[in-house]
There are 2 protein chains.
Amino acid sequence: MIPSAASGSAAGSAASPSGASPSGGGKPSRRDQILAAAAELFAQHGFRGVGIDDIGAAVGITGPALYRHFRSKDAMLGEMLTGISEYLLAGGTERVGRTGEADEILAGLVRFHVDFALQQPALITVHERSLASLADEDRRRVRRLQRQYVEVWVTALRTAVPRLDEPHARSAAHAVFGLINSTPHNRHLPHEDLAELLTRLALGALYAAK
Amino acid sequence: MIPSAASGSAAGSAASPSGASPSGGGKPSRRDQILAAAAELFAQHGFRGVGIDDIGAAVGITGPALYRHFRSKDAMLGEMLTGISEYLLAGGTERVGRTGEADEILAGLVRFHVDFALQQPALITVHERSLASLADEDRRRVRRLQRQYVEVWVTALRTAVPRLDEPHARSAAHAVFGLINSTPHNRHLPHEDLAELLTRLALGALYAAK
DNA sequence: ACAGGAGGTTAGCGTTCACTAACTTCGTCC
DNA sequence: GGACGAAGTTAGTGAACGCTAACCTCCTGT
């Protein structure tokens, strides 16, 4: 059971980038409903702080029924995190593959990450908090995807700001991820204002790097 | 028991800002040893992912012996988080109370937070991840301290950058916390280089805010 | 010398929790 | 119209874990 203040309805509006299947238009499959609800709960209480029964209840079924859809609780987290990592890497790779000015590419990359963080704050939270709870194999896979995503940023950043050496660029990338991923703590501003602010802040930071 | 890759010795070198007691010079008390070891473990595995026996083992005693020093596992986390929050608020308040240019005050605030994040990456991690695991009363207290700390930043920021309205300033503060608190993911650069980089990035971001 | 308390030990209790087993329900296809 | 499989239910099992109880071992002060 979840201990403290768990207000009304969970299950946010799982928009486009939820991992894999719901890329089409139709209503989300049961699997995806479950993943969305679990993401919300994991973000609020941590992976270990959420029980099987809690996840079931969030989609209107009992706990054990989840095992008709997932092999284990670990597998749910695994699917969630690899989905996010693959989405980010694919989107990032696609952006840097475009032709254009280096500055525009970098700005596009920033905006892509900002949009994701704004649309999926729960996934962002889980992504950066629950790596430790992953099964070994999944963790290796997610780590590799994350490293590749960082490399995408490093090359884009060093093209736009050539004075940066690789270690500084890598650290700057991590720092800007932290900046953008602050969306879960940022409930004060209207969506679009926040998107613009975060984009400005991120680019301001990156171009200030030495 | 902690499941996966838990390498050698935990218990980092608990430097100055560890909360309360070890402010003097002498060897840290048992309590503080335990808090330091627990912080490291909580950062790596999450509060719920660490057992009483793990914490005990990290300081060379058995699990139940911890109850000679703390009322409960929750109380350990509570003391840890309120200690951090109080340290940050006190340090921040002291900084903005100094006389000087608004820009210098803001830079000092940034540098203060950067130094803390660099010296205590484990505490930073726990501070931003494990709020949900806190007992109700402790959570309220920590939340209030955090809000006050944000307010310190907001006023310093708006003095230095008057065009910012309050909501934008608040969001920018949260974003910059995220940036600075990325230190746990930043193992690539020498300590001092990273401190300088993060300070530049943070100030670059803040002055880019609109 | 020894009383007492601080700080450690092992054994065990009760609860929580992931997962399984066995059974039910219901829509779909031939 | 009945076989079947997908998706749900309740009951239960075994392990993990927080914490307590009871006991031991010193160090310290009088």
# chains A, B, ... in the order shown; residues from 1 in each chain; ligands from 1

$ interface_residues --of "chain C" --to "chain A" --cutoff "8 Å" --atoms "only C-alpha atoms (C1' of nucleotides)" --output "ChimeraX atom specification"
/C:17-19

$ select_by_dssp --residues "range 30-132 of chain A" --states "alpha helix (DSSP H)" --output "number ranges by chain"
A: 30-45, 52-58, 73-97, 102-119, 121-129

$ interface_residues --of "chain A" --to "chain B" --cutoff "6 Å" --atoms "only C-alpha atoms" --output "ChimeraX atom specification"
/A:45,132,171,175-176,178-179,182,186,201,204-205,208-209

$ write_last_selection --atoms "all heavy atoms" --output "PDB file, in the first residue's frame"
ATOM      1  N   HIS A  45       6.480   7.882  -5.771  1.00  0.00           N
ATOM      2  CA  HIS A  45       6.851   7.146  -4.563  1.00  0.00           C
ATOM      3  C   HIS A  45       8.140   6.355  -4.698  1.00  0.00           C
ATOM      4  O   HIS A  45       8.574   5.724  -3.722  1.00  0.00           O
ATOM      5  CB  HIS A  45       5.722   6.187  -4.185  1.00  0.00           C
ATOM      6  CG  HIS A  45       4.376   6.838  -4.079  1.00  0.00           C
ATOM      7  ND1 HIS A  45       3.987   7.542  -2.967  1.00  0.00           N
ATOM      8  CD2 HIS A  45       3.348   6.932  -4.949  1.00  0.00           C
ATOM      9  CE1 HIS A  45       2.760   8.021  -3.158  1.00  0.00           C
ATOM     10  NE2 HIS A  45       2.365   7.670  -4.360  1.00  0.00           N
ATOM     11  N   ALA A 132      18.940   2.448 -10.515  1.00  0.00           N
ATOM     12  CA  ALA A 132      19.532   1.499  -9.576  1.00  0.00           C
ATOM     13  C   ALA A 132      18.642   0.285  -9.345  1.00  0.00           C
ATOM     14  O   ALA A 132      19.131  -0.783  -8.997  1.00  0.00           O
ATOM     15  CB  ALA A 132      19.821   2.183  -8.244  1.00  0.00           C
ATOM     16  N   SER A 171      30.471  17.197 -19.523  1.00  0.00           N
ATOM     17  CA  SER A 171      29.949  17.713 -18.255  1.00  0.00           C
ATOM     18  C   SER A 171      28.857  18.749 -18.484  1.00  0.00           C
ATOM     19  O   SER A 171      27.842  18.767 -17.771  1.00  0.00           O
ATOM     20  CB  SER A 171      31.087  18.328 -17.441  1.00  0.00           C
ATOM     21  OG  SER A 171      31.924  17.308 -16.932  1.00  0.00           O
ATOM     22  N   ALA A 175      25.006  18.628 -17.180  1.00  0.00           N
ATOM     23  CA  ALA A 175      24.460  19.736 -16.407  1.00  0.00           C
ATOM     24  C   ALA A 175      23.162  20.252 -17.037  1.00  0.00           C
ATOM     25  O   ALA A 175      22.182  20.534 -16.338  1.00  0.00           O
ATOM     26  CB  ALA A 175      25.485  20.850 -16.307  1.00  0.00           C
ATOM     27  N   VAL A 176      23.153  20.354 -18.346  1.00  0.00           N
ATOM     28  CA  VAL A 176      21.955  20.865 -19.018  1.00  0.00           C
ATOM     29  C   VAL A 176      20.815  19.845 -18.935  1.00  0.00           C
ATOM     30  O   VAL A 176      19.645  20.224 -18.845  1.00  0.00           O
ATOM     31  CB  VAL A 176      22.280  21.261 -20.468  1.00  0.00           C
ATOM     32  CG1 VAL A 176      21.011  21.506 -21.261  1.00  0.00           C
ATOM     33  CG2 VAL A 176      23.139  22.514 -20.462  1.00  0.00           C
ATOM     34  N   GLY A 178      20.277  18.083 -16.358  1.00  0.00           N
ATOM     35  CA  GLY A 178      19.755  18.393 -15.030  1.00  0.00           C
ATOM     36  C   GLY A 178      18.869  19.610 -15.050  1.00  0.00           C
ATOM     37  O   GLY A 178      17.799  19.635 -14.441  1.00  0.00           O
ATOM     38  N   LEU A 179      19.297  20.613 -15.764  1.00  0.00           N
ATOM     39  CA  LEU A 179      18.497  21.831 -15.870  1.00  0.00           C
ATOM     40  C   LEU A 179      17.132  21.534 -16.488  1.00  0.00           C
ATOM     41  O   LEU A 179      16.086  21.881 -15.916  1.00  0.00           O
ATOM     42  CB  LEU A 179      19.254  22.860 -16.713  1.00  0.00           C
ATOM     43  CG  LEU A 179      18.657  24.257 -16.860  1.00  0.00           C
ATOM     44  CD1 LEU A 179      19.764  25.277 -17.107  1.00  0.00           C
ATOM     45  CD2 LEU A 179      17.638  24.354 -17.980  1.00  0.00           C
ATOM     46  N   SER A 182      14.431  19.466 -14.656  1.00  0.00           N
ATOM     47  CA  SER A 182      13.819  20.043 -13.463  1.00  0.00           C
ATOM     48  C   SER A 182      12.314  20.244 -13.634  1.00  0.00           C
ATOM     49  O   SER A 182      11.649  20.671 -12.689  1.00  0.00           O
ATOM     50  CB  SER A 182      14.479  21.381 -13.132  1.00  0.00           C
ATOM     51  OG  SER A 182      14.171  22.343 -14.114  1.00  0.00           O
ATOM     52  N   ASN A 186       8.698  22.053 -11.417  1.00  0.00           N
ATOM     53  CA  ASN A 186       8.333  23.340 -11.993  1.00  0.00           C
ATOM     54  C   ASN A 186       6.869  23.365 -12.383  1.00  0.00           C
ATOM     55  O   ASN A 186       6.496  23.131 -13.520  1.00  0.00           O
ATOM     56  CB  ASN A 186       9.198  23.601 -13.234  1.00  0.00           C
ATOM     57  CG  ASN A 186      10.202  24.697 -12.982  1.00  0.00           C
ATOM     58  OD1 ASN A 186       9.913  25.631 -12.246  1.00  0.00           O
ATOM     59  ND2 ASN A 186      11.369  24.590 -13.588  1.00  0.00           N
ATOM     60  N   LEU A 201      17.330  29.206 -21.000  1.00  0.00           N
ATOM     61  CA  LEU A 201      18.298  28.917 -19.942  1.00  0.00           C
ATOM     62  C   LEU A 201      19.339  27.912 -20.424  1.00  0.00           C
ATOM     63  O   LEU A 201      20.546  28.083 -20.212  1.00  0.00           O
ATOM     64  CB  LEU A 201      17.584  28.375 -18.706  1.00  0.00           C
ATOM     65  CG  LEU A 201      16.654  29.322 -17.951  1.00  0.00           C
ATOM     66  CD1 LEU A 201      15.960  28.582 -16.811  1.00  0.00           C
ATOM     67  CD2 LEU A 201      17.395  30.531 -17.417  1.00  0.00           C
ATOM     68  N   GLY A 204      21.579  29.488 -22.934  1.00  0.00           N
ATOM     69  CA  GLY A 204      22.417  30.455 -22.226  1.00  0.00           C
ATOM     70  C   GLY A 204      23.544  29.772 -21.483  1.00  0.00           C
ATOM     71  O   GLY A 204      24.699  30.225 -21.511  1.00  0.00           O
ATOM     72  N   ALA A 205      23.231  28.674 -20.840  1.00  0.00           N
ATOM     73  CA  ALA A 205      24.261  27.923 -20.128  1.00  0.00           C
ATOM     74  C   ALA A 205      25.306  27.387 -21.105  1.00  0.00           C
ATOM     75  O   ALA A 205      26.517  27.581 -20.915  1.00  0.00           O
ATOM     76  CB  ALA A 205      23.629  26.775 -19.353  1.00  0.00           C
ATOM     77  N   ALA A 208      27.702  29.776 -22.487  1.00  0.00           N
ATOM     78  CA  ALA A 208      28.579  30.370 -21.474  1.00  0.00           C
ATOM     79  C   ALA A 208      29.730  29.436 -21.112  1.00  0.00           C
ATOM     80  O   ALA A 208      30.656  29.838 -20.398  1.00  0.00           O
ATOM     81  CB  ALA A 208      27.778  30.712 -20.222  1.00  0.00           C
ATOM     82  N   ALA A 209      29.659  28.193 -21.571  1.00  0.00           N
ATOM     83  CA  ALA A 209      30.682  27.209 -21.194  1.00  0.00           C
ATOM     84  C   ALA A 209      32.043  27.599 -21.743  1.00  0.00           C
ATOM     85  O   ALA A 209      32.136  28.189 -22.815  1.00  0.00           O
ATOM     86  CB  ALA A 209      30.292  25.827 -21.724  1.00  0.00           C
TER      87      ALA A 209
END

$ closest_atom_pairs --of "chain D" --to "chain A" --cutoff "12 Å" --atoms "only C-alpha atoms (C1' of nucleotides)" --output "CSV"
residue,atom,partner,partner_atom,distance
D:DA6,C1',A:Arg68,CA,8.7
D:DA7,C1',A:Arg68,CA,7.0
D:DG8,C1',A:Ala65,CA,6.4
D:DT9,C1',A:Thr62,CA,7.9
D:DT10,C1',A:Thr62,CA,10.0
D:DA11,C1',A:Pro64,CA,11.7

$ write_last_selection --atoms "C-alpha atoms (C1' of nucleotides)" --output "PDB file, in the first residue's frame"
ATOM      1  C1'  DA D   6      -7.323 -13.906 -22.969  1.00  0.00           C
ATOM      2  C1'  DA D   7      -7.941 -11.463 -18.864  1.00  0.00           C
ATOM      3  C1'  DG D   8      -9.637 -11.214 -14.536  1.00  0.00           C
ATOM      4  C1'  DT D   9     -10.451 -12.966  -9.414  1.00  0.00           C
ATOM      5  C1'  DT D  10      -9.158 -14.753  -4.500  1.00  0.00           C
ATOM      6  C1'  DA D  11      -6.169 -17.340  -1.539  1.00  0.00           C
TER       7       DA D  11
END

$ closest_residue --among "A:Ile55, A:Ile84, A:Leu157, A:Ile2" --to "Pro121 in chain A" --atoms "only C-alpha atoms"
A:Ile84

$ atom_distance --atom1 "CA of Thr155 in chain A" --atom2 "CA of Val96 in chain A"
8.9 Å
